[in-house]
file entry.cif (mmCIF, N, CA, C and O atoms)
data_start
loop_
_atom_site.label_atom_id
_atom_site.label_comp_id
_atom_site.auth_asym_id
_atom_site.auth_seq_id
_atom_site.Cartn_x
_atom_site.Cartn_y
_atom_site.Cartn_z
N MET A 1 17.73 -0.47 1.90
CA MET A 1 16.86 0.65 2.14
C MET A 1 15.39 0.29 1.91
O MET A 1 14.53 0.74 2.65
N ILE A 2 15.13 -0.52 0.89
CA ILE A 2 13.75 -0.92 0.61
C ILE A 2 13.19 -1.70 1.79
O ILE A 2 12.04 -1.50 2.20
N ALA A 3 13.99 -2.60 2.36
CA ALA A 3 13.52 -3.39 3.50
C ALA A 3 13.20 -2.49 4.69
O ALA A 3 12.20 -2.72 5.39
N ILE A 4 14.00 -1.49 4.93
CA ILE A 4 13.74 -0.56 6.04
C ILE A 4 12.43 0.18 5.80
O ILE A 4 11.58 0.29 6.70
N LEU A 5 12.25 0.69 4.59
CA LEU A 5 11.00 1.40 4.27
C LEU A 5 9.80 0.46 4.37
O LEU A 5 8.73 0.87 4.82
N ALA A 6 9.98 -0.79 3.96
CA ALA A 6 8.89 -1.75 4.06
C ALA A 6 8.52 -2.01 5.52
O ALA A 6 7.33 -2.11 5.84
N CYS A 7 9.51 -2.11 6.38
CA CYS A 7 9.24 -2.31 7.81
C CYS A 7 8.50 -1.10 8.40
O CYS A 7 7.55 -1.26 9.18
N LEU A 8 8.92 0.09 8.03
CA LEU A 8 8.24 1.30 8.51
C LEU A 8 6.82 1.36 7.95
O LEU A 8 5.88 1.76 8.66
N SER A 9 6.66 0.95 6.71
CA SER A 9 5.34 0.91 6.10
C SER A 9 4.42 -0.06 6.85
O SER A 9 3.26 0.25 7.12
N ALA A 10 4.95 -1.22 7.21
CA ALA A 10 4.17 -2.20 7.96
C ALA A 10 3.75 -1.65 9.32
O ALA A 10 2.61 -1.84 9.77
N ALA A 11 4.67 -0.96 9.99
CA ALA A 11 4.35 -0.37 11.29
C ALA A 11 3.23 0.66 11.16
O ALA A 11 2.29 0.68 11.97
N LEU A 12 3.31 1.50 10.14
CA LEU A 12 2.26 2.50 9.90
C LEU A 12 0.93 1.81 9.61
O LEU A 12 -0.12 2.23 10.10
N ALA A 13 0.97 0.76 8.83
CA ALA A 13 -0.25 0.03 8.48
C ALA A 13 -0.93 -0.54 9.72
O ALA A 13 -2.16 -0.45 9.86
N ILE A 14 -0.15 -1.10 10.61
CA ILE A 14 -0.73 -1.66 11.83
C ILE A 14 -1.33 -0.55 12.68
O ILE A 14 -2.42 -0.69 13.24
N GLY A 15 -0.63 0.56 12.77
CA GLY A 15 -1.16 1.71 13.52
C GLY A 15 -2.46 2.23 12.93
O GLY A 15 -3.41 2.53 13.66
N ALA A 16 -2.51 2.32 11.61
CA ALA A 16 -3.73 2.81 10.95
C ALA A 16 -4.89 1.84 11.18
O ALA A 16 -6.01 2.27 11.47
N GLY A 17 -4.61 0.55 11.07
CA GLY A 17 -5.66 -0.44 11.30
C GLY A 17 -6.17 -0.40 12.73
O GLY A 17 -7.37 -0.48 12.98
N ALA A 18 -5.26 -0.27 13.68
CA ALA A 18 -5.66 -0.19 15.09
C ALA A 18 -6.47 1.07 15.36
O ALA A 18 -7.48 1.03 16.07
N PHE A 19 -6.04 2.18 14.78
CA PHE A 19 -6.78 3.43 14.95
C PHE A 19 -8.18 3.29 14.35
O PHE A 19 -9.16 3.74 14.93
N GLY A 20 -8.26 2.64 13.19
CA GLY A 20 -9.56 2.43 12.57
C GLY A 20 -10.48 1.55 13.41
O GLY A 20 -11.68 1.75 13.46
N ALA A 21 -9.89 0.58 14.09
CA ALA A 21 -10.68 -0.34 14.91
C ALA A 21 -11.09 0.26 16.25
O ALA A 21 -12.15 -0.09 16.79
N HIS A 22 -10.26 1.16 16.79
CA HIS A 22 -10.51 1.63 18.15
C HIS A 22 -10.59 3.14 18.33
O HIS A 22 -11.03 3.59 19.38
N GLY A 23 -10.18 3.91 17.34
CA GLY A 23 -10.06 5.34 17.56
C GLY A 23 -11.01 6.23 16.80
O GLY A 23 -11.01 7.44 17.01
N VAL A 24 -11.81 5.65 15.91
CA VAL A 24 -12.74 6.49 15.15
C VAL A 24 -14.16 5.94 15.31
O VAL A 24 -14.35 4.74 15.54
N THR A 25 -15.11 6.83 15.21
CA THR A 25 -16.51 6.41 15.34
C THR A 25 -17.24 6.40 14.01
O THR A 25 -18.26 5.74 13.89
N ASP A 26 -16.72 7.12 13.03
CA ASP A 26 -17.35 7.16 11.70
C ASP A 26 -17.08 5.84 10.98
O ASP A 26 -15.91 5.49 10.73
N PRO A 27 -18.12 5.10 10.60
CA PRO A 27 -17.92 3.81 9.94
C PRO A 27 -17.14 3.90 8.63
O PRO A 27 -16.34 3.02 8.31
N LYS A 28 -17.36 4.96 7.86
CA LYS A 28 -16.65 5.12 6.59
C LYS A 28 -15.16 5.34 6.83
O LYS A 28 -14.30 4.76 6.16
N ALA A 29 -14.84 6.18 7.82
CA ALA A 29 -13.43 6.43 8.16
C ALA A 29 -12.77 5.14 8.64
O ALA A 29 -11.63 4.84 8.25
N ALA A 30 -13.48 4.37 9.46
CA ALA A 30 -12.93 3.10 9.94
C ALA A 30 -12.67 2.15 8.78
O ALA A 30 -11.64 1.47 8.75
N GLU A 31 -13.57 2.12 7.82
CA GLU A 31 -13.40 1.26 6.64
C GLU A 31 -12.18 1.69 5.83
O GLU A 31 -11.40 0.85 5.38
N TRP A 32 -12.02 2.99 5.61
CA TRP A 32 -10.86 3.48 4.87
C TRP A 32 -9.56 3.12 5.58
O TRP A 32 -8.59 2.70 4.94
N LEU A 33 -9.52 3.29 6.89
CA LEU A 33 -8.31 2.95 7.65
C LEU A 33 -8.03 1.45 7.58
O LEU A 33 -6.88 1.03 7.42
N ARG A 34 -9.06 0.65 7.69
CA ARG A 34 -8.89 -0.81 7.63
C ARG A 34 -8.40 -1.24 6.24
O ARG A 34 -7.45 -2.02 6.11
N THR A 35 -9.03 -0.71 5.20
CA THR A 35 -8.64 -1.07 3.83
C THR A 35 -7.21 -0.62 3.54
O THR A 35 -6.40 -1.39 3.02
N GLY A 36 -6.91 0.63 3.85
CA GLY A 36 -5.55 1.14 3.62
C GLY A 36 -4.52 0.33 4.39
O GLY A 36 -3.47 -0.02 3.85
N GLY A 37 -4.81 0.03 5.65
CA GLY A 37 -3.89 -0.73 6.47
C GLY A 37 -3.65 -2.13 5.92
O GLY A 37 -2.52 -2.61 5.89
N MET A 38 -4.72 -2.78 5.48
CA MET A 38 -4.58 -4.14 4.95
C MET A 38 -3.70 -4.15 3.70
O MET A 38 -2.76 -4.93 3.60
N TYR A 39 -4.01 -3.27 2.75
CA TYR A 39 -3.22 -3.24 1.52
C TYR A 39 -1.78 -2.83 1.79
O TYR A 39 -0.85 -3.40 1.21
N GLN A 40 -1.59 -1.86 2.66
CA GLN A 40 -0.24 -1.40 2.95
C GLN A 40 0.57 -2.51 3.63
O GLN A 40 1.74 -2.73 3.28
N LEU A 41 -0.03 -3.22 4.56
CA LEU A 41 0.70 -4.29 5.26
C LEU A 41 1.05 -5.44 4.32
O LEU A 41 2.19 -5.92 4.32
N ILE A 42 0.09 -5.86 3.51
CA ILE A 42 0.36 -6.96 2.57
C ILE A 42 1.50 -6.60 1.63
O ILE A 42 2.40 -7.41 1.38
N HIS A 43 1.49 -5.38 1.14
CA HIS A 43 2.51 -4.99 0.18
C HIS A 43 3.86 -4.70 0.83
O HIS A 43 4.90 -4.85 0.21
N ALA A 44 3.85 -4.33 2.11
CA ALA A 44 5.12 -4.18 2.84
C ALA A 44 5.79 -5.55 2.99
O ALA A 44 7.00 -5.69 2.74
N VAL A 45 5.02 -6.55 3.36
CA VAL A 45 5.57 -7.89 3.52
C VAL A 45 6.06 -8.42 2.16
O VAL A 45 7.14 -9.01 2.06
N ALA A 46 5.26 -8.19 1.12
CA ALA A 46 5.67 -8.64 -0.22
C ALA A 46 6.96 -7.94 -0.65
O ALA A 46 7.84 -8.57 -1.24
N ALA A 47 7.08 -6.66 -0.36
CA ALA A 47 8.30 -5.92 -0.73
C ALA A 47 9.52 -6.50 -0.02
O ALA A 47 10.58 -6.64 -0.62
N ILE A 48 9.36 -6.85 1.25
CA ILE A 48 10.47 -7.47 1.97
C ILE A 48 10.86 -8.79 1.30
O ILE A 48 12.04 -9.07 1.09
N ALA A 49 9.86 -9.58 0.94
CA ALA A 49 10.13 -10.88 0.30
C ALA A 49 10.82 -10.71 -1.06
O ALA A 49 11.64 -11.54 -1.44
N LEU A 50 10.50 -9.64 -1.77
CA LEU A 50 11.05 -9.42 -3.11
C LEU A 50 12.37 -8.67 -3.12
O LEU A 50 13.02 -8.57 -4.16
N THR A 51 12.78 -8.12 -1.99
CA THR A 51 13.95 -7.25 -1.95
C THR A 51 15.19 -7.87 -2.58
O THR A 51 15.89 -7.22 -3.34
N GLY A 52 15.47 -9.13 -2.31
CA GLY A 52 16.68 -9.74 -2.85
C GLY A 52 16.57 -10.19 -4.29
O GLY A 52 17.57 -10.46 -4.93
N VAL A 53 15.37 -10.27 -4.82
CA VAL A 53 15.16 -10.83 -6.16
C VAL A 53 14.70 -9.76 -7.16
O VAL A 53 15.13 -9.77 -8.31
N ALA A 54 13.82 -8.89 -6.71
CA ALA A 54 13.19 -7.93 -7.62
C ALA A 54 13.05 -6.58 -6.92
O ALA A 54 11.95 -6.17 -6.55
N ARG A 55 14.16 -5.90 -6.75
CA ARG A 55 14.15 -4.64 -5.99
C ARG A 55 13.25 -3.59 -6.62
O ARG A 55 12.56 -2.87 -5.92
N GLY A 56 13.28 -3.47 -7.93
CA GLY A 56 12.44 -2.47 -8.59
C GLY A 56 10.96 -2.75 -8.38
O GLY A 56 10.18 -1.85 -8.09
N ALA A 57 10.58 -4.01 -8.50
CA ALA A 57 9.19 -4.40 -8.27
C ALA A 57 8.80 -4.15 -6.82
O ALA A 57 7.69 -3.68 -6.53
N ALA A 58 9.72 -4.45 -5.90
CA ALA A 58 9.47 -4.21 -4.48
C ALA A 58 9.23 -2.73 -4.22
O ALA A 58 8.31 -2.35 -3.50
N ALA A 59 10.06 -1.89 -4.83
CA ALA A 59 9.90 -0.44 -4.67
C ALA A 59 8.57 0.02 -5.24
O ALA A 59 7.88 0.85 -4.63
N MET A 60 8.18 -0.52 -6.39
CA MET A 60 6.91 -0.13 -6.99
C MET A 60 5.74 -0.54 -6.10
O MET A 60 4.78 0.22 -5.97
N LEU A 61 5.82 -1.71 -5.48
CA LEU A 61 4.77 -2.13 -4.55
C LEU A 61 4.66 -1.15 -3.39
O LEU A 61 3.55 -0.78 -2.98
N LEU A 62 5.80 -0.73 -2.85
CA LEU A 62 5.79 0.21 -1.72
C LEU A 62 5.24 1.57 -2.11
O LEU A 62 4.46 2.17 -1.36
N ILE A 63 5.64 2.05 -3.27
CA ILE A 63 5.15 3.36 -3.72
C ILE A 63 3.65 3.31 -3.97
O ILE A 63 2.90 4.19 -3.54
N GLY A 64 3.21 2.25 -4.65
CA GLY A 64 1.78 2.10 -4.91
C GLY A 64 0.98 1.99 -3.63
O GLY A 64 -0.07 2.63 -3.47
N ALA A 65 1.46 1.18 -2.70
CA ALA A 65 0.75 1.00 -1.43
C ALA A 65 0.72 2.31 -0.64
O ALA A 65 -0.28 2.61 0.00
N ALA A 66 1.80 3.07 -0.71
CA ALA A 66 1.84 4.35 0.01
C ALA A 66 0.80 5.31 -0.55
O ALA A 66 0.05 5.94 0.20
N ILE A 67 0.73 5.43 -1.85
CA ILE A 67 -0.26 6.33 -2.47
C ILE A 67 -1.66 5.85 -2.14
O ILE A 67 -2.53 6.64 -1.72
N PHE A 68 -1.91 4.56 -2.31
CA PHE A 68 -3.23 3.99 -2.05
C PHE A 68 -3.64 4.23 -0.60
O PHE A 68 -4.70 4.80 -0.32
N ALA A 69 -2.80 3.79 0.33
CA ALA A 69 -3.16 3.86 1.74
C ALA A 69 -3.19 5.29 2.27
O ALA A 69 -4.12 5.67 2.99
N LEU A 70 -2.20 6.09 1.93
CA LEU A 70 -2.14 7.44 2.49
C LEU A 70 -3.31 8.31 2.04
O LEU A 70 -3.80 9.12 2.82
N THR A 71 -3.76 8.13 0.81
CA THR A 71 -4.94 8.90 0.40
C THR A 71 -6.16 8.49 1.21
O THR A 71 -6.96 9.34 1.62
N LEU A 72 -6.30 7.19 1.49
CA LEU A 72 -7.42 6.74 2.33
C LEU A 72 -7.28 7.25 3.76
O LEU A 72 -8.27 7.69 4.37
N TYR A 73 -6.06 7.22 4.30
CA TYR A 73 -5.84 7.71 5.67
C TYR A 73 -6.18 9.19 5.77
O TYR A 73 -6.83 9.62 6.74
N ILE A 74 -5.74 9.96 4.80
CA ILE A 74 -6.00 11.41 4.84
C ILE A 74 -7.50 11.67 4.79
O ILE A 74 -8.02 12.51 5.54
N MET A 75 -8.23 10.96 3.91
CA MET A 75 -9.67 11.15 3.85
C MET A 75 -10.34 10.72 5.15
O MET A 75 -11.26 11.38 5.63
N ALA A 76 -9.85 9.64 5.77
CA ALA A 76 -10.42 9.17 7.03
C ALA A 76 -10.23 10.19 8.14
O ALA A 76 -11.05 10.28 9.06
N LEU A 77 -9.15 10.96 8.05
CA LEU A 77 -8.87 11.97 9.07
C LEU A 77 -9.49 13.33 8.74
O LEU A 77 -9.16 14.33 9.38
N GLY A 78 -10.37 13.36 7.74
CA GLY A 78 -11.09 14.60 7.42
C GLY A 78 -10.54 15.36 6.23
O GLY A 78 -11.00 16.46 5.95
N GLY A 79 -9.58 14.78 5.53
CA GLY A 79 -9.01 15.44 4.35
C GLY A 79 -10.00 15.49 3.20
O GLY A 79 -11.09 14.92 3.27
N PRO A 80 -9.61 16.16 2.13
CA PRO A 80 -10.53 16.33 1.00
C PRO A 80 -10.88 15.00 0.32
O PRO A 80 -10.02 14.13 0.13
N LYS A 81 -12.14 14.86 -0.01
CA LYS A 81 -12.63 13.62 -0.62
C LYS A 81 -12.15 13.45 -2.06
O LYS A 81 -12.18 12.34 -2.58
N TRP A 82 -11.67 14.51 -2.70
CA TRP A 82 -11.16 14.36 -4.07
C TRP A 82 -9.93 13.47 -4.11
O TRP A 82 -9.57 12.97 -5.17
N LEU A 83 -9.31 13.23 -2.96
CA LEU A 83 -8.18 12.31 -2.93
C LEU A 83 -8.59 10.90 -3.33
O LEU A 83 -7.76 10.10 -3.75
N GLY A 84 -9.89 10.60 -3.22
CA GLY A 84 -10.39 9.31 -3.67
C GLY A 84 -10.13 9.08 -5.15
O GLY A 84 -10.02 7.94 -5.60
N ALA A 85 -9.97 10.15 -5.90
CA ALA A 85 -9.64 10.03 -7.33
C ALA A 85 -8.16 9.69 -7.52
O ALA A 85 -7.78 9.21 -8.59
N VAL A 86 -7.34 9.93 -6.52
CA VAL A 86 -5.91 9.63 -6.59
C VAL A 86 -5.62 8.20 -6.14
O VAL A 86 -4.68 7.56 -6.62
N THR A 87 -6.46 7.69 -5.26
CA THR A 87 -6.27 6.35 -4.69
C THR A 87 -6.02 5.28 -5.75
O THR A 87 -5.10 4.46 -5.59
N PRO A 88 -6.79 5.23 -6.85
CA PRO A 88 -6.55 4.18 -7.85
C PRO A 88 -5.17 4.22 -8.50
O PRO A 88 -4.71 3.19 -9.01
N ILE A 89 -4.52 5.36 -8.48
CA ILE A 89 -3.15 5.43 -9.02
C ILE A 89 -2.25 4.48 -8.22
O ILE A 89 -1.43 3.76 -8.77
N GLY A 90 -2.44 4.49 -6.91
CA GLY A 90 -1.69 3.56 -6.08
C GLY A 90 -2.01 2.12 -6.42
O GLY A 90 -1.12 1.26 -6.47
N GLY A 91 -3.29 1.84 -6.67
CA GLY A 91 -3.68 0.49 -7.06
C GLY A 91 -3.04 0.05 -8.36
O GLY A 91 -2.58 -1.09 -8.50
N ILE A 92 -3.00 0.96 -9.32
CA ILE A 92 -2.37 0.65 -10.61
C ILE A 92 -0.89 0.36 -10.42
O ILE A 92 -0.34 -0.57 -11.02
N LEU A 93 -0.22 1.14 -9.57
CA LEU A 93 1.21 0.90 -9.31
C LEU A 93 1.43 -0.43 -8.61
O LEU A 93 2.41 -1.13 -8.90
N MET A 94 0.52 -0.81 -7.70
CA MET A 94 0.65 -2.11 -7.05
C MET A 94 0.49 -3.23 -8.07
O MET A 94 1.28 -4.19 -8.07
N ILE A 95 -0.49 -3.12 -8.94
CA ILE A 95 -0.67 -4.12 -10.00
C ILE A 95 0.57 -4.19 -10.88
O ILE A 95 1.07 -5.28 -11.20
N ALA A 96 1.11 -3.04 -11.25
CA ALA A 96 2.31 -3.00 -12.08
C ALA A 96 3.49 -3.66 -11.36
O ALA A 96 4.29 -4.37 -11.98
N GLY A 97 3.61 -3.44 -10.06
CA GLY A 97 4.68 -4.06 -9.29
C GLY A 97 4.56 -5.58 -9.29
O GLY A 97 5.56 -6.29 -9.45
N TRP A 98 3.35 -6.08 -9.16
CA TRP A 98 3.15 -7.54 -9.20
C TRP A 98 3.46 -8.09 -10.58
O TRP A 98 4.06 -9.17 -10.71
N LEU A 99 3.04 -7.39 -11.63
CA LEU A 99 3.34 -7.85 -12.98
C LEU A 99 4.84 -7.82 -13.26
O LEU A 99 5.38 -8.73 -13.91
N TRP A 100 5.51 -6.80 -12.77
CA TRP A 100 6.96 -6.69 -12.91
C TRP A 100 7.64 -7.87 -12.20
O TRP A 100 8.54 -8.51 -12.76
N ALA A 101 7.19 -8.18 -10.99
CA ALA A 101 7.75 -9.31 -10.27
C ALA A 101 7.50 -10.60 -11.02
O ALA A 101 8.40 -11.46 -11.10
N ALA A 102 6.31 -10.77 -11.56
CA ALA A 102 6.02 -11.98 -12.34
C ALA A 102 6.96 -12.10 -13.53
O ALA A 102 7.46 -13.19 -13.84
N TRP A 103 7.21 -10.99 -14.20
CA TRP A 103 8.12 -10.98 -15.34
C TRP A 103 9.53 -11.41 -14.92
O TRP A 103 10.18 -12.21 -15.60
N ILE A 104 9.98 -10.87 -13.80
CA ILE A 104 11.32 -11.22 -13.31
C ILE A 104 11.39 -12.71 -12.98
O ILE A 104 12.35 -13.39 -13.36
N PHE A 105 10.38 -13.23 -12.32
CA PHE A 105 10.39 -14.67 -12.00
C PHE A 105 10.26 -15.52 -13.26
O PHE A 105 10.83 -16.60 -13.33
N HIS A 106 9.56 -15.03 -14.24
CA HIS A 106 9.45 -15.74 -15.51
C HIS A 106 10.81 -15.84 -16.21
O HIS A 106 11.11 -16.85 -16.84
N GLN A 107 11.62 -14.81 -16.07
CA GLN A 107 12.93 -14.75 -16.71
C GLN A 107 13.95 -15.68 -16.04
O GLN A 107 14.98 -15.97 -16.64
N ARG A 108 13.70 -16.12 -14.85
CA ARG A 108 14.68 -16.93 -14.10
C ARG A 108 14.70 -18.35 -14.56
O ARG A 108 13.96 -19.05 -14.93
#

call {"tool": "encode", "arguments": {"input": "entry.cif", "output": "structure tokens"}}
result
Amino acid sequence: MIAILACLSAALAIGAGAFGAHGVTDPKAAEWLRTGGMYQLIHAVAAIALTGVARGAAAMLLIGAAIFALTLYIMALGGPKWLGAVTPIGGILMIAGWLWAAWIFHQR
């Protein structure tokens, strides 16, 4: 299930990045879409790579990337700017996912 969600996450990330590059005229919105897409795509690929070894860490990467990217996407599409205060929660979860994966690899 994590791999399926990671693949869907990667597809969304590519769509967001493409929309940011070609579908918006506001430079700030384009930047948010590009940043969200990049982080979401990187963490989707990492989650796929970790699925067989560190499922919990993979899930944490996906959850963190979703919070991080989706708050940026919503703001880029005109949503409330206070979501920018929520974005770092996703970043913290991504960091925690990487640390969890490091711990698991350290234990092997």

call {"tool": "closest_residue", "arguments": {"input": "entry.cif", "among": "A:Leu41, A:Leu5, A:Ile14, A:Ala57", "to": "Leu99 of chain A", "atoms": "only C-alpha atoms"}}
result
A:Ala57

call {"tool": "atom_distance", "arguments": {"input": "entry.cif", "atom1": "atom CA of Ile89 of chain A", "atom2": "atom CA of Ala21 of chain A"}}
result
25.7 Å

call {"tool": "residues_around", "arguments": {"input": "entry.cif", "residues": "segment 59-63 of chain A", "least_positions_apart": "3", "cutoff": "7 Å", "atoms": "only N, CA, C and O atoms", "output": "list in words"}}
result
Ile2, Ala6, Tyr39, Gln40, His43, Ala44, Ala47, Ala54, Arg55, Gly56, Ala66, Ile67, Phe68, Ala69, Ile89, Gly90, Leu93, Met94, Ile95, Ala96, Gly97 and Trp98 of chain A

call {"tool": "write_last_selection", "arguments": {"input": "entry.cif", "atoms": "N, CA, C and O atoms", "output": "PDB file, in the coordinates of the input"}}
result
ATOM      1  N   ILE A   2      15.130  -0.520   0.890  1.00  0.00           N
ATOM      2  CA  ILE A   2      13.750  -0.920   0.610  1.00  0.00           C
ATOM      3  C   ILE A   2      13.190  -1.700   1.790  1.00  0.00           C
ATOM      4  O   ILE A   2      12.040  -1.500   2.200  1.00  0.00           O
ATOM      5  N   ALA A   6       9.980  -0.790   3.960  1.00  0.00           N
ATOM      6  CA  ALA A   6       8.890  -1.750   4.060  1.00  0.00           C
ATOM      7  C   ALA A   6       8.520  -2.010   5.520  1.00  0.00           C
ATOM      8  O   ALA A   6       7.330  -2.110   5.840  1.00  0.00           O
ATOM      9  N   TYR A  39      -4.010  -3.270   2.750  1.00  0.00           N
ATOM     10  CA  TYR A  39      -3.220  -3.240   1.520  1.00  0.00           C
ATOM     11  C   TYR A  39      -1.780  -2.830   1.790  1.00  0.00           C
ATOM     12  O   TYR A  39      -0.850  -3.400   1.210  1.00  0.00           O
ATOM     13  N   GLN A  40      -1.590  -1.860   2.660  1.00  0.00           N
ATOM     14  CA  GLN A  40      -0.240  -1.400   2.950  1.00  0.00           C
ATOM     15  C   GLN A  40       0.570  -2.510   3.630  1.00  0.00           C
ATOM     16  O   GLN A  40       1.740  -2.730   3.280  1.00  0.00           O
ATOM     17  N   HIS A  43       1.490  -5.380   1.140  1.00  0.00           N
ATOM     18  CA  HIS A  43       2.510  -4.990   0.180  1.00  0.00           C
ATOM     19  C   HIS A  43       3.860  -4.700   0.830  1.00  0.00           C
ATOM     20  O   HIS A  43       4.900  -4.850   0.210  1.00  0.00           O
ATOM     21  N   ALA A  44       3.850  -4.330   2.110  1.00  0.00           N
ATOM     22  CA  ALA A  44       5.120  -4.180   2.840  1.00  0.00           C
ATOM     23  C   ALA A  44       5.790  -5.550   2.990  1.00  0.00           C
ATOM     24  O   ALA A  44       7.000  -5.690   2.740  1.00  0.00           O
ATOM     25  N   ALA A  47       7.080  -6.660  -0.360  1.00  0.00           N
ATOM     26  CA  ALA A  47       8.300  -5.920  -0.730  1.00  0.00           C
ATOM     27  C   ALA A  47       9.520  -6.500  -0.020  1.00  0.00           C
ATOM     28  O   ALA A  47      10.580  -6.640  -0.620  1.00  0.00           O
ATOM     29  N   ALA A  54      13.820  -8.890  -6.710  1.00  0.00           N
ATOM     30  CA  ALA A  54      13.190  -7.930  -7.620  1.00  0.00           C
ATOM     31  C   ALA A  54      13.050  -6.580  -6.920  1.00  0.00           C
ATOM     32  O   ALA A  54      11.950  -6.170  -6.550  1.00  0.00           O
ATOM     33  N   ARG A  55      14.160  -5.900  -6.750  1.00  0.00           N
ATOM     34  CA  ARG A  55      14.150  -4.640  -5.990  1.00  0.00           C
ATOM     35  C   ARG A  55      13.250  -3.590  -6.620  1.00  0.00           C
ATOM     36  O   ARG A  55      12.560  -2.870  -5.920  1.00  0.00           O
ATOM     37  N   GLY A  56      13.280  -3.470  -7.930  1.00  0.00           N
ATOM     38  CA  GLY A  56      12.440  -2.470  -8.590  1.00  0.00           C
ATOM     39  C   GLY A  56      10.960  -2.750  -8.380  1.00  0.00           C
ATOM     40  O   GLY A  56      10.180  -1.850  -8.090  1.00  0.00           O
ATOM     41  N   ALA A  66       1.800   3.070  -0.710  1.00  0.00           N
ATOM     42  CA  ALA A  66       1.840   4.350   0.010  1.00  0.00           C
ATOM     43  C   ALA A  66       0.800   5.310  -0.550  1.00  0.00           C
ATOM     44  O   ALA A  66       0.050   5.940   0.200  1.00  0.00           O
ATOM     45  N   ILE A  67       0.730   5.430  -1.850  1.00  0.00           N
ATOM     46  CA  ILE A  67      -0.260   6.330  -2.470  1.00  0.00           C
ATOM     47  C   ILE A  67      -1.660   5.850  -2.140  1.00  0.00           C
ATOM     48  O   ILE A  67      -2.530   6.640  -1.720  1.00  0.00           O
ATOM     49  N   PHE A  68      -1.910   4.560  -2.310  1.00  0.00           N
ATOM     50  CA  PHE A  68      -3.230   3.990  -2.050  1.00  0.00           C
ATOM     51  C   PHE A  68      -3.640   4.230  -0.600  1.00  0.00           C
ATOM     52  O   PHE A  68      -4.700   4.800  -0.320  1.00  0.00           O
ATOM     53  N   ALA A  69      -2.800   3.790   0.330  1.00  0.00           N
ATOM     54  CA  ALA A  69      -3.160   3.860   1.740  1.00  0.00           C
ATOM     55  C   ALA A  69      -3.190   5.290   2.270  1.00  0.00           C
ATOM     56  O   ALA A  69      -4.120   5.670   2.990  1.00  0.00           O
ATOM     57  N   ILE A  89      -4.520   5.360  -8.480  1.00  0.00           N
ATOM     58  CA  ILE A  89      -3.150   5.430  -9.020  1.00  0.00           C
ATOM     59  C   ILE A  89      -2.250   4.480  -8.220  1.00  0.00           C
ATOM     60  O   ILE A  89      -1.430   3.760  -8.770  1.00  0.00           O
ATOM     61  N   GLY A  90      -2.440   4.490  -6.910  1.00  0.00           N
ATOM     62  CA  GLY A  90      -1.690   3.560  -6.080  1.00  0.00           C
ATOM     63  C   GLY A  90      -2.010   2.120  -6.420  1.00  0.00           C
ATOM     64  O   GLY A  90      -1.120   1.260  -6.470  1.00  0.00           O
ATOM     65  N   LEU A  93      -0.220   1.140  -9.570  1.00  0.00           N
ATOM     66  CA  LEU A  93       1.210   0.900  -9.310  1.00  0.00           C
ATOM     67  C   LEU A  93       1.430  -0.430  -8.610  1.00  0.00           C
ATOM     68  O   LEU A  93       2.410  -1.130  -8.900  1.00  0.00           O
ATOM     69  N   MET A  94       0.520  -0.810  -7.700  1.00  0.00           N
ATOM     70  CA  MET A  94       0.650  -2.110  -7.050  1.00  0.00           C
ATOM     71  C   MET A  94       0.490  -3.230  -8.070  1.00  0.00           C
ATOM     72  O   MET A  94       1.280  -4.190  -8.070  1.00  0.00           O
ATOM     73  N   ILE A  95      -0.490  -3.120  -8.940  1.00  0.00           N
ATOM     74  CA  ILE A  95      -0.670  -4.120 -10.000  1.00  0.00           C
ATOM     75  C   ILE A  95       0.570  -4.190 -10.880  1.00  0.00           C
ATOM     76  O   ILE A  95       1.070  -5.280 -11.200  1.00  0.00           O
ATOM     77  N   ALA A  96       1.110  -3.040 -11.250  1.00  0.00           N
ATOM     78  CA  ALA A  96       2.310  -3.000 -12.080  1.00  0.00           C
ATOM     79  C   ALA A  96       3.490  -3.660 -11.360  1.00  0.00           C
ATOM     80  O   ALA A  96       4.290  -4.370 -11.980  1.00  0.00           O
ATOM     81  N   GLY A  97       3.610  -3.440 -10.060  1.00  0.00           N
ATOM     82  CA  GLY A  97       4.680  -4.060  -9.290  1.00  0.00           C
ATOM     83  C   GLY A  97       4.560  -5.580  -9.290  1.00  0.00           C
ATOM     84  O   GLY A  97       5.560  -6.290  -9.450  1.00  0.00           O
ATOM     85  N   TRP A  98       3.350  -6.080  -9.160  1.00  0.00           N
ATOM     86  CA  TRP A  98       3.150  -7.540  -9.200  1.00  0.00           C
ATOM     87  C   TRP A  98       3.460  -8.090 -10.580  1.00  0.00           C
ATOM     88  O   TRP A  98       4.060  -9.170 -10.710  1.00  0.00           O
TER      89      TRP A  98
END

call {"tool": "resolve_selection", "arguments": {"input": "entry.cif", "expression": "the PyMOL selection byres (((chain A and resi 79-87 and name CA) around 10) and name CA)", "output": "PyMOL selection string"}}
result
chain A and resi 36+64-78+88-92

call {"tool": "atom_distance", "arguments": {"input": "entry.cif", "atom1": "atom CA of Thr35 of chain A", "atom2": "atom CA of Leu8 of chain A"}}
result
17.7 Å

call {"tool": "atom_distance", "arguments": {"input": "entry.cif", "atom1": "atom C of Arg34 of chain A", "atom2": "atom C of Ala11 of chain A"}}
result
12.8 Å

call {"tool": "select_by_dssp", "arguments": {"input": "entry.cif", "residues": "chain A", "states": "alpha helix (DSSP H)", "output": "ChimeraX atom specification"}}
result
/A:2-22,27-50,55-76,87-107
